[in-house]
$ cat model_35.txt   # compact mmCIF, C-alpha atoms and all ligand atoms
# COMPACT_ATOMS: atom_id res chain seq x y z
CA MET R 18 -137.26 -139.51 114.85
CA THR R 19 -138.39 -135.91 115.23
CA PRO R 20 -136.34 -133.88 117.67
CA ILE R 21 -138.83 -132.01 119.82
CA ASP R 22 -137.63 -129.02 121.74
CA ALA R 23 -137.03 -129.74 125.42
CA ASN R 24 -139.04 -126.62 126.28
CA PRO R 25 -142.65 -127.11 125.09
CA ARG R 26 -143.45 -123.38 125.40
CA THR R 27 -141.40 -122.68 122.28
CA ALA R 28 -143.82 -124.77 120.17
CA TRP R 29 -146.58 -122.15 120.20
CA THR R 30 -149.33 -121.39 117.76
CA VAL R 31 -151.16 -118.09 117.35
CA ALA R 32 -154.12 -119.50 119.30
CA ALA R 33 -151.84 -120.57 122.16
CA LEU R 34 -150.33 -117.09 122.45
CA ARG R 35 -153.76 -115.48 122.40
CA ASP R 36 -154.86 -117.86 125.18
CA ARG R 37 -151.94 -117.04 127.42
CA PRO R 38 -150.98 -113.38 127.14
CA ASP R 39 -148.14 -113.97 129.64
CA TRP R 40 -145.64 -112.99 126.94
CA ILE R 41 -146.95 -109.38 127.00
CA PHE R 42 -145.55 -107.09 129.67
CA ALA R 43 -146.66 -103.52 130.42
CA LEU R 44 -144.82 -100.80 132.28
CA ASP R 45 -146.89 -98.67 134.64
CA ASP R 46 -146.52 -94.91 135.11
CA ARG R 47 -143.93 -95.33 137.81
CA GLY R 48 -141.79 -97.64 135.68
CA ARG R 49 -142.08 -95.24 132.79
CA ARG R 50 -141.09 -92.27 134.97
CA ASP R 51 -138.12 -94.18 136.39
CA LEU R 52 -136.83 -95.01 132.90
CA ALA R 53 -137.18 -91.45 131.62
CA ALA R 54 -135.41 -90.12 134.73
CA ALA R 55 -132.61 -92.70 134.42
CA VAL R 56 -131.88 -91.67 130.85
CA ARG R 57 -131.97 -87.94 131.58
CA ARG R 58 -129.68 -88.36 134.59
CA ALA R 59 -127.08 -90.42 132.76
CA ARG R 60 -127.11 -88.82 129.33
CA ASP R 61 -123.93 -87.02 128.38
CA PRO R 62 -123.75 -85.93 124.74
CA ALA R 63 -119.95 -86.03 124.95
CA LYS R 64 -120.05 -89.80 125.48
CA THR R 65 -120.26 -92.53 122.87
CA PRO R 66 -122.51 -95.51 123.66
CA PHE R 67 -119.40 -97.51 124.55
CA ASP R 68 -118.63 -95.12 127.41
CA TYR R 69 -121.73 -96.09 129.40
CA ARG R 70 -121.85 -98.93 131.92
CA ARG R 71 -124.94 -100.66 133.18
CA ALA R 72 -124.48 -99.09 136.64
CA ASP R 73 -125.03 -95.67 135.01
CA PHE R 74 -128.71 -96.54 134.52
CA ASP R 75 -130.94 -97.41 137.47
CA LEU R 76 -134.04 -98.81 135.77
CA GLY R 77 -136.02 -98.47 139.02
CA ALA R 78 -139.50 -99.99 139.08
CA ALA R 79 -139.15 -100.92 135.40
CA GLY R 80 -136.15 -103.17 136.06
CA PRO R 81 -137.98 -106.31 137.24
CA VAL R 82 -140.61 -106.03 134.48
CA ILE R 83 -137.92 -105.71 131.81
CA ALA R 84 -136.02 -108.65 133.32
CA ARG R 85 -139.16 -110.81 133.18
CA ALA R 86 -139.76 -109.89 129.53
CA PHE R 87 -136.21 -110.90 128.58
CA ALA R 88 -136.52 -114.14 130.58
CA GLU R 89 -139.74 -115.01 128.73
CA ALA R 90 -138.05 -114.47 125.36
CA GLN R 91 -134.97 -116.43 126.30
CA HIS R 92 -136.29 -119.26 128.45
CA GLY R 93 -140.05 -119.20 127.80
CA GLY R 94 -141.81 -119.10 124.46
CA GLY R 95 -139.09 -117.23 122.57
CA ILE R 96 -141.12 -114.04 122.17
CA ALA R 97 -141.97 -111.14 124.47
CA LEU R 98 -143.61 -107.78 123.97
CA LEU R 99 -142.88 -105.00 126.45
CA ARG R 100 -145.27 -102.08 126.26
CA GLY R 101 -145.19 -98.59 127.69
CA LEU R 102 -141.61 -97.37 127.29
CA PRO R 103 -141.56 -93.58 127.82
CA ARG R 104 -141.83 -92.63 124.14
CA ALA R 105 -143.82 -89.40 124.57
CA GLU R 106 -141.52 -88.20 127.35
CA LEU R 107 -138.26 -88.62 125.42
CA GLU R 108 -136.63 -87.13 122.36
CA GLU R 109 -135.22 -89.39 119.69
CA ALA R 110 -131.65 -89.41 121.04
CA GLU R 111 -132.93 -90.06 124.56
CA PHE R 112 -135.12 -92.94 123.38
CA GLU R 113 -132.15 -94.37 121.52
CA LEU R 114 -130.09 -94.19 124.72
CA LEU R 115 -132.95 -95.83 126.64
CA THR R 116 -132.78 -98.76 124.21
CA TRP R 117 -129.04 -98.97 124.78
CA ALA R 118 -129.48 -98.76 128.58
CA ILE R 119 -131.96 -101.65 128.59
CA GLY R 120 -129.46 -103.63 126.51
CA LEU R 121 -126.68 -102.95 129.02
CA HIS R 122 -128.81 -104.70 131.63
CA ALA R 123 -129.86 -107.62 129.44
CA GLY R 124 -126.65 -108.81 127.83
CA VAL R 125 -123.59 -107.89 125.79
CA ALA R 126 -124.62 -105.97 122.68
CA ARG R 127 -123.34 -107.53 119.47
CA PRO R 128 -122.15 -105.76 116.32
CA GLN R 129 -124.65 -105.80 113.45
CA GLY R 130 -122.87 -105.20 110.18
CA LYS R 131 -119.97 -103.96 108.08
CA ALA R 132 -119.61 -100.74 110.11
CA SER R 133 -119.49 -102.77 113.37
CA HIS R 134 -122.39 -100.77 114.78
CA TYR R 135 -123.94 -102.07 117.99
CA LEU R 136 -127.30 -100.31 117.81
CA SER R 137 -129.11 -100.10 114.47
CA ARG R 138 -131.56 -97.51 113.28
CA VAL R 139 -134.20 -99.58 111.53
CA SER R 140 -135.57 -97.15 108.96
CA ASP R 141 -135.75 -96.77 105.21
CA ALA R 142 -132.31 -95.57 104.16
CA GLY R 143 -132.93 -96.66 100.57
CA THR R 144 -131.03 -99.95 100.73
CA VAL R 145 -131.82 -102.54 98.04
CA TYR R 146 -132.64 -105.69 100.02
CA ARG R 147 -132.12 -108.08 97.07
CA SER R 148 -128.54 -107.09 96.29
CA ALA R 149 -125.27 -108.87 97.06
CA GLY R 150 -124.67 -106.62 100.07
CA GLY R 151 -128.34 -105.93 100.79
CA ARG R 152 -129.70 -105.77 104.35
CA GLY R 153 -133.36 -105.62 105.28
CA TYR R 154 -133.23 -103.27 108.26
CA SER R 155 -132.20 -100.27 106.18
CA SER R 156 -134.80 -100.84 103.43
CA ASN R 157 -138.57 -100.48 103.27
CA ALA R 158 -138.98 -103.87 101.57
CA GLU R 159 -141.07 -106.86 102.58
CA LEU R 160 -138.58 -109.23 104.19
CA ASP R 161 -138.19 -112.99 103.95
CA PHE R 162 -138.73 -114.91 107.14
CA HIS R 163 -135.35 -115.00 108.83
CA THR R 164 -133.35 -115.17 112.02
CA ASP R 165 -131.12 -112.30 113.09
CA GLY R 166 -127.47 -112.89 113.85
CA ALA R 167 -127.41 -113.13 117.65
CA ASP R 168 -129.07 -115.04 120.49
CA LEU R 169 -131.62 -112.28 121.13
CA VAL R 170 -132.91 -109.34 119.13
CA ALA R 171 -134.69 -106.46 120.84
CA LEU R 172 -136.49 -103.84 118.80
CA THR R 173 -137.88 -100.62 120.26
CA CYS R 174 -140.41 -98.58 118.30
CA PHE R 175 -140.01 -94.80 118.17
CA ASN R 176 -142.28 -94.15 115.17
CA ALA R 177 -144.60 -96.51 113.31
CA ALA R 178 -145.01 -96.30 109.52
CA GLN R 179 -147.81 -94.42 107.80
CA SER R 180 -148.90 -97.78 106.43
CA GLY R 181 -147.48 -101.30 106.38
CA GLY R 182 -144.47 -102.42 108.38
CA MET R 183 -146.44 -105.15 110.11
CA SER R 184 -144.28 -107.46 112.18
CA MET R 185 -144.70 -111.23 111.82
CA VAL R 186 -143.25 -113.94 114.06
CA THR R 187 -143.56 -117.72 113.76
CA SER R 188 -142.22 -120.39 116.09
CA SER R 189 -139.51 -122.24 114.18
CA VAL R 190 -140.13 -125.20 116.47
CA THR R 191 -143.83 -125.42 115.58
CA ALA R 192 -143.01 -124.96 111.90
CA TYR R 193 -140.54 -127.82 112.13
CA GLN R 194 -143.10 -130.07 113.78
CA HIS R 195 -145.55 -129.41 110.94
CA LEU R 196 -142.89 -130.03 108.31
CA ALA R 197 -141.73 -133.23 110.00
CA ALA R 198 -145.31 -134.52 110.26
CA GLU R 199 -146.20 -133.67 106.66
CA ARG R 200 -142.94 -134.10 104.77
CA PRO R 201 -140.43 -135.92 106.98
CA GLU R 202 -137.94 -136.30 104.10
CA LEU R 203 -137.81 -132.51 103.71
CA ALA R 204 -137.38 -131.94 107.44
CA GLU R 205 -134.38 -134.25 107.27
CA VAL R 206 -132.90 -132.26 104.38
CA LEU R 207 -132.95 -129.08 106.47
CA HIS R 208 -130.47 -130.65 108.89
CA HIS R 209 -127.82 -130.57 106.15
CA ALA R 210 -125.64 -127.49 105.94
CA VAL R 211 -126.18 -124.94 103.17
CA PRO R 212 -124.07 -121.89 102.28
CA PHE R 213 -125.09 -118.53 103.80
CA SER R 214 -123.64 -115.31 102.37
CA ARG R 215 -122.13 -112.73 104.69
CA GLN R 216 -123.49 -110.08 102.31
CA ALA R 217 -119.98 -108.63 101.77
CA GLU R 218 -119.76 -107.63 105.44
CA GLN R 219 -117.18 -110.21 106.51
CA ALA R 220 -114.48 -109.36 109.03
CA PRO R 221 -110.84 -109.72 107.89
CA ASP R 222 -110.66 -113.24 109.38
CA GLU R 223 -113.96 -114.43 107.86
CA THR R 224 -114.88 -115.97 104.51
CA PRO R 225 -117.59 -114.44 102.26
CA TRP R 226 -119.90 -117.40 102.97
CA TYR R 227 -120.14 -120.19 105.51
CA LEU R 228 -122.05 -123.42 105.94
CA ASN R 229 -124.91 -123.74 108.41
CA PRO R 230 -127.86 -126.13 108.54
CA ILE R 231 -131.33 -124.61 108.83
CA TYR R 232 -132.14 -126.86 111.78
CA ASP R 233 -129.90 -128.55 114.31
CA VAL R 234 -130.12 -129.76 117.90
CA ALA R 235 -128.00 -128.93 120.95
CA GLU R 236 -128.66 -130.47 124.34
CA GLY R 237 -132.08 -131.71 123.24
CA ARG R 238 -133.17 -128.31 121.99
CA LEU R 239 -134.05 -127.55 118.42
CA HIS R 240 -132.31 -124.49 116.96
CA SER R 241 -133.06 -122.76 113.68
CA ARG R 242 -131.13 -120.40 111.39
CA TRP R 243 -132.80 -119.37 108.18
CA ASN R 244 -132.49 -116.45 105.81
CA ARG R 245 -133.49 -117.04 102.20
CA ASN R 246 -131.94 -113.78 101.03
CA ARG R 247 -128.51 -114.85 102.32
CA VAL R 248 -128.79 -118.42 101.07
CA THR R 249 -129.83 -117.13 97.63
CA SER R 250 -126.96 -114.60 97.61
CA ALA R 251 -124.46 -117.32 98.50
CA GLN R 252 -125.35 -119.24 95.34
CA ARG R 253 -123.57 -116.52 93.35
CA LEU R 254 -120.38 -116.71 95.43
CA GLU R 255 -117.31 -118.59 94.31
CA GLY R 256 -116.93 -122.05 95.78
CA ALA R 257 -120.36 -122.16 97.44
CA PRO R 258 -121.89 -125.60 96.83
CA PRO R 259 -125.04 -125.41 94.68
CA LEU R 260 -128.40 -126.25 96.22
CA ASN R 261 -130.13 -129.34 94.90
CA ALA R 262 -133.81 -129.64 93.97
CA LEU R 263 -134.77 -131.32 97.23
CA GLN R 264 -133.13 -128.55 99.28
CA ARG R 265 -134.95 -125.90 97.29
CA GLU R 266 -138.23 -127.70 97.78
CA ALA R 267 -137.61 -128.04 101.52
CA MET R 268 -136.98 -124.28 101.78
CA ASP R 269 -140.10 -123.47 99.78
CA VAL R 270 -142.28 -125.73 101.90
CA LEU R 271 -140.77 -124.33 105.11
CA ASP R 272 -141.47 -120.76 103.96
CA ALA R 273 -145.06 -121.67 103.12
CA ILE R 274 -145.59 -123.26 106.56
CA LEU R 275 -144.14 -120.17 108.26
CA ARG R 276 -146.88 -118.04 106.72
CA ARG R 277 -149.81 -120.22 107.71
CA PRO R 278 -152.27 -117.99 109.57
CA GLU R 279 -152.54 -120.36 112.52
CA LEU R 280 -148.75 -120.26 113.02
CA MET R 281 -147.81 -116.69 112.02
CA LEU R 282 -148.39 -114.07 114.68
CA SER R 283 -148.92 -110.63 113.10
CA MET R 284 -148.70 -107.39 115.03
CA TYR R 285 -147.96 -103.73 114.60
CA LEU R 286 -145.36 -102.36 116.97
CA GLU R 287 -146.62 -99.13 118.51
CA PRO R 288 -144.39 -96.26 119.61
CA GLY R 289 -143.08 -97.23 123.05
CA ASP R 290 -143.18 -101.00 122.38
CA MET R 291 -140.18 -103.29 122.63
CA GLN R 292 -140.28 -106.67 120.90
CA ILE R 293 -137.81 -109.28 122.15
CA LEU R 294 -137.17 -112.46 120.17
CA ASN R 295 -135.06 -115.54 120.77
CA ASN R 296 -133.60 -116.18 117.32
CA HIS R 297 -133.02 -119.89 117.95
CA VAL R 298 -136.72 -120.72 118.26
CA THR R 299 -138.50 -118.00 116.27
CA LEU R 300 -138.38 -116.65 112.74
CA HIS R 301 -139.55 -113.17 111.87
CA SER R 302 -140.46 -110.98 108.97
CA ARG R 303 -142.21 -107.72 108.25
CA THR R 304 -144.31 -106.32 105.44
CA GLU R 305 -143.29 -103.52 103.13
CA PHE R 306 -144.06 -100.06 104.51
CA GLU R 307 -144.72 -96.53 103.41
CA ASP R 308 -143.40 -93.60 105.41
CA HIS R 309 -145.15 -90.46 106.54
CA PRO R 310 -143.99 -87.55 104.38
CA GLU R 311 -142.62 -85.55 107.33
CA PRO R 312 -139.05 -86.65 108.18
CA SER R 313 -139.74 -86.47 111.93
CA ARG R 314 -142.56 -88.98 111.63
CA ARG R 315 -140.78 -91.58 109.50
CA ARG R 316 -140.81 -95.16 110.74
CA LEU R 317 -137.96 -95.59 113.18
CA LEU R 318 -137.07 -98.55 115.35
CA PHE R 319 -133.87 -99.15 117.30
CA ARG R 320 -132.42 -102.62 117.19
CA LEU R 321 -130.14 -104.42 119.60
CA TRP R 322 -128.57 -107.82 119.15
CA LEU R 323 -127.64 -109.33 122.48
CA ALA R 324 -125.66 -112.20 123.95
CA PRO R 325 -127.37 -112.83 127.31
CA PRO R 326 -125.39 -114.14 130.29
CA ASP R 327 -127.42 -117.30 130.89
CA SER R 328 -127.38 -118.68 127.35
CA GLY R 329 -127.31 -122.38 126.53
CA ARG R 330 -124.97 -124.31 124.28
CA LEU R 331 -125.49 -123.87 120.54
CA PRO R 332 -125.15 -126.63 117.96
CA GLU R 333 -121.56 -127.19 116.82
CA SER R 334 -122.75 -126.29 113.31
CA TRP R 335 -123.49 -122.72 114.52
CA ARG R 336 -119.81 -122.03 115.19
CA ALA R 337 -118.99 -120.35 111.87
CA ALA R 338 -121.85 -117.89 112.28
CA TYR R 339 -121.57 -117.26 116.03
CA ARG R 340 -117.77 -117.62 116.37
CA ALA R 341 -118.42 -119.46 119.67
CA ILE R 342 -121.10 -121.89 120.82
CA GLU R 343 -120.32 -122.34 124.50
CA PRO R 344 -122.94 -121.32 127.10
CA GLY R 345 -122.59 -117.90 128.71
CA VAL R 346 -120.02 -116.72 126.19
CA VAL R 347 -120.11 -113.44 124.27
CA ARG R 348 -121.02 -114.78 120.83
CA GLY R 349 -122.95 -113.96 117.68
CA GLY R 350 -123.29 -110.70 115.79
CA ILE R 351 -121.67 -109.49 112.60
CA VAL R 352 -118.22 -108.33 113.65
CA GLY R 353 -117.81 -106.29 110.49
CA GLN R 354 -114.83 -104.24 109.43
CA GLN R 355 -114.59 -101.43 112.00
CA GLN R 356 -113.91 -103.47 115.12
CA ASP R 357 -111.47 -101.41 117.21
CA ALA R 358 -110.02 -100.96 120.69
CA ALA R 359 -113.04 -98.99 121.98
CA ARG R 360 -115.43 -101.71 120.87
CA ARG R 361 -113.26 -104.46 122.31
CA ALA R 362 -112.97 -102.59 125.62
CA PHE R 363 -116.76 -102.17 125.73
CA GLU R 364 -117.29 -105.89 125.19
CA ALA R 365 -114.73 -106.76 127.85
CA SER R 366 -116.25 -104.45 130.47
CA GLN R 367 -119.79 -105.58 129.72
CA ALA R 368 -118.74 -109.24 129.86
CA GLN R 369 -117.12 -108.59 133.23
CA ASP R 370 -120.18 -106.76 134.60
CA LEU R 371 -122.40 -109.67 133.53
CA GLY R 372 -120.06 -112.47 134.56
CA MET R 373 -119.54 -113.68 130.99
CA ARG R 374 -116.52 -114.93 129.11
CA LEU R 375 -115.29 -113.45 125.85
CA ALA R 376 -114.93 -115.82 122.90
CA SER R 377 -111.25 -116.66 122.44
FE FE R 401 -134.52 -109.36 111.44
$ encode --input "model_35.txt" --output "C-alpha cells" --more "lines below"
Ligand SMILES: [Fe+2]
Amino acid sequence: MTPIDANPRTAWTVAALRDRPDWIFALDDRGRRDLAAAVRRARDPAKTPFDYRRADFDLGAAGPVIARAFAEAQHGGGIALLRGLPRAELEEAEFELLTWAIGLHAGVARPQGKASHYLSRVSDAGTVYRSAGGRGYSSNAELDFHTDGADLVALTCFNAAQSGGMSMVTSSVTAYQHLAAERPELAEVLHHAVPFSRQAEQAPDETPWYLNPIYDVAEGRLHSRWNRNRVTSAQRLEGAPPLNALQREAMDVLDAILRRPELMLSMYLEPGDMQILNNHVTLHSRTEFEDHPEPSRRRLLFRLWLAPPDSGRLPESWRAAYRAIEPGVVRGGIVGQQQDAARRAFEASQAQDLGMRLAS
C-alpha cells in the first residue's frame, strides 16, 4: 500500500509547475521600496541579529506577498520563488538584514551548524564537502540531493556565480510515487531507519549519529529526509549499523529518479530572488560553480532555516533529528556547540511573538 501525500499539490512534476506558475511571486516597486525603507529604518550596526524583533520591521506592501510565498511553500506544493527583493538598492549587510527581517516574520530561525549560527552565508569558503565534518553550503562543490535540517529553508540571492551554481529541486513525494510504482520492494526499504552523521557538529547532549528513515508518514502525509553525504559519513562512525545491499540499491535508485528531467526542476537564482522550500516534501541540490574573480562579485546567498508557527506533526522517527515533532513547536536545526543565553532568549522571544511553544 503506497502512502500518498494528503496534499496532492506536493506531488508535482516539472510540467505541472510550468503549467501553474502560482508558486512564483513577484514584488512590485512599492513592495521593494517598502522593504528597503524598513531595513534602513531599523538597521543599527551596534545590534546583533538576536537584538531585533519582528515589530522592528514593517514589511509594508511586500508583507502579504511574502506571506503568500511562505504559505505556498509550507501548505501548497512545497516550493516557492519570490522575485524582486531590493538587491540593487541595498548593500550586502543591508540585504543580509533584509533576509533576517523576512525570517522574523515567517518563523523562528533555527541554528545551522557547529557555531550555532542562525543565518548562513552560502559561498565558497573552501570547505571540503566529502569530509567527515564537510558541509555543502560553504563549498563550491556539486551537492547530493538532500533535505536541509529544518521545516523550511529560505535562500536569498545577493550575487550569482560566474558560471554554474544551478539550483535543482525535485518533489520527494513524486519521486516516491515513481519508486513505489517501479520498485515497490525498494520503496519499502526506505521506510527503515538508517544512520545519519551529524558531521562532527553535535551539541553536548547529542550523539555523533542518529537513526532516521528516508521516508515516513505522519497524519497521512509523506515526509522525506535524505542526505547521501551524511549517510555515507555515518558508515565510518563507531556503532553505526552497516547498510545492506538492498538499502544501497534503494538509495541509488532514488537518487537516479530524483534527477529525471521530468521530475527535476532546474533554475538559476538571480540576485534579488528568494527560494523557499518545504524540506519534508522536496529534495534539493545544486551544481558546482565557479566564482567571478572580483571578491565583491563572488556568489553569495543568505540562508535561513525556519520553524513556522503553523507546522504539522512530524513522524515520530524524526525526533532525533528535530528534537521535537509536535505541531507548532520550535524544532529542527543543528543546535551546535555555541548555544548560549542570547540565542535562547532570541528563540524564546520569537516563539512568544509567533505564538509558538519551545521544545522542552
Ligand atoms: Fe541544502
$ atom_distance --input "model_35.txt" --atom1 "CA of Met281 in chain R" --atom2 "CA of Thr304 in chain R"
12.8 Å
$ residues_near_ligand --input "model_35.txt" --ligand "ligand FE 401 (chain R)" --cutoff "8 Å" --atoms "only C-alpha atoms and all ligand atoms" --output "mmCIF file with C-alpha atoms, keeping the file's coordinate frame"
data_model
loop_
_atom_site.group_PDB
_atom_site.id
_atom_site.type_symbol
_atom_site.label_atom_id
_atom_site.label_comp_id
_atom_site.auth_asym_id
_atom_site.auth_seq_id
_atom_site.Cartn_x
_atom_site.Cartn_y
_atom_site.Cartn_z
ATOM 1 C CA GLY R 153 -133.360 -105.620 105.280
ATOM 2 C CA TYR R 154 -133.230 -103.270 108.260
ATOM 3 C CA HIS R 163 -135.350 -115.000 108.830
ATOM 4 C CA THR R 164 -133.350 -115.170 112.020
ATOM 5 C CA ASP R 165 -131.120 -112.300 113.090
ATOM 6 C CA VAL R 170 -132.910 -109.340 119.130
ATOM 7 C CA HIS R 301 -139.550 -113.170 111.870
ATOM 8 C CA SER R 302 -140.460 -110.980 108.970
#
$ atom_distance --input "model_35.txt" --atom1 "CA of Val139 in chain R" --atom2 "CA of Glu108 in chain R"
16.7 Å
$ closest_atom_pairs --input "model_35.txt" --of "range 109-226 of chain R" --to "range 366-369 of chain R" --cutoff "8 Å" --atoms "all atoms listed in the file" --output "tab-separated table"
residue	atom	partner	partner_atom	distance
R:Leu121	CA	R:Gln367	CA	7.4
R:Gly124	CA	R:Gln367	CA	7.8
R:Val125	CA	R:Gln367	CA	5.9
$ closest_residue --input "model_35.txt" --among "R:Asp45, R:Glu236, R:Asp51, R:Asp161" --to "Arg330 in chain R" --atoms "all atoms listed in the file"
R:Glu236
$ closest_residue --input "model_35.txt" --among "R:Ala359, R:Val206, R:Leu275, R:Leu169" --to "Ala97 in chain R" --atoms "only C-alpha atoms"
R:Leu169
$ closest_residue --input "model_35.txt" --among "R:Leu196, R:Pro312, R:Trp117, R:Asn246" --to "Gln179 in chain R" --atoms "only C-alpha atoms"
R:Pro312
$ atom_distance --input "model_35.txt" --atom1 "CA of Asn157 in chain R" --atom2 "CA of Gln354 in chain R"
24.8 Å
$ closest_residue --input "model_35.txt" --among "R:Gly289, R:Pro230, R:Gly143, R:Gly94" --to "Met268 in chain R" --atoms "only C-alpha atoms"
R:Pro230
$ residues_around --input "model_35.txt" --residues "Val298 in chain R" --least-positions-apart "2" --cutoff "12 Å" --atoms "all atoms listed in the file" --output "PyMOL selection string"
chain R and resi 21-29+90-96+163-165+168-169+186-193+231-234+238-243+294-296+300-301+331
$ residues_around --input "model_35.txt" --residues "Phe42 in chain R" --least-positions-apart "2" --cutoff "9 Å" --atoms "only C-alpha atoms" --output "ChimeraX atom specification"
/R:38-40,44,82-83,85-86,97-101
$ closest_residue --input "model_35.txt" --among "R:Ala324, R:Ala362, R:Leu282, R:Val248" --to "Arg265 in chain R" --atoms "only C-alpha atoms"
R:Val248
$ closest_residue --input "model_35.txt" --among "R:Ala78, R:Ala338, R:Leu323, R:Leu107" --to "His122 in chain R" --atoms "all atoms listed in the file"
R:Leu323
$ residues_near_point --input "model_35.txt" --point "(-121.2, -117.4, 127.7)" --cutoff "9 Å" --atoms "only C-alpha atoms" --output "list in words"
Ala324, Pro325, Pro326, Asp327, Ser328, Gly329, Arg330, Ala341, Ile342, Glu343, Pro344, Gly345, Val346, Val347, Arg348, Ala368, Gly372, Met373, Arg374, Leu375 and Ala376 of chain R
$ residues_around --input "model_35.txt" --residues "Arg253 in chain R" --least-positions-apart "4" --cutoff "9 Å" --atoms "all atoms listed in the file" --output "PyMOL selection string"
chain R and resi 149+249+257
$ residues_around --input "model_35.txt" --residues "Glu109 in chain R" --least-positions-apart "3" --cutoff "8 Å" --atoms "all atoms listed in the file" --output "VMD selection string"
chain R and resid 112 to 113 175
$ residues_near_point --input "model_35.txt" --point "(-134.9, -97.6, 110.1)" --cutoff "8 Å" --atoms "only C-alpha atoms" --output "ChimeraX atom specification"
/R:137-142,154-156,316-319
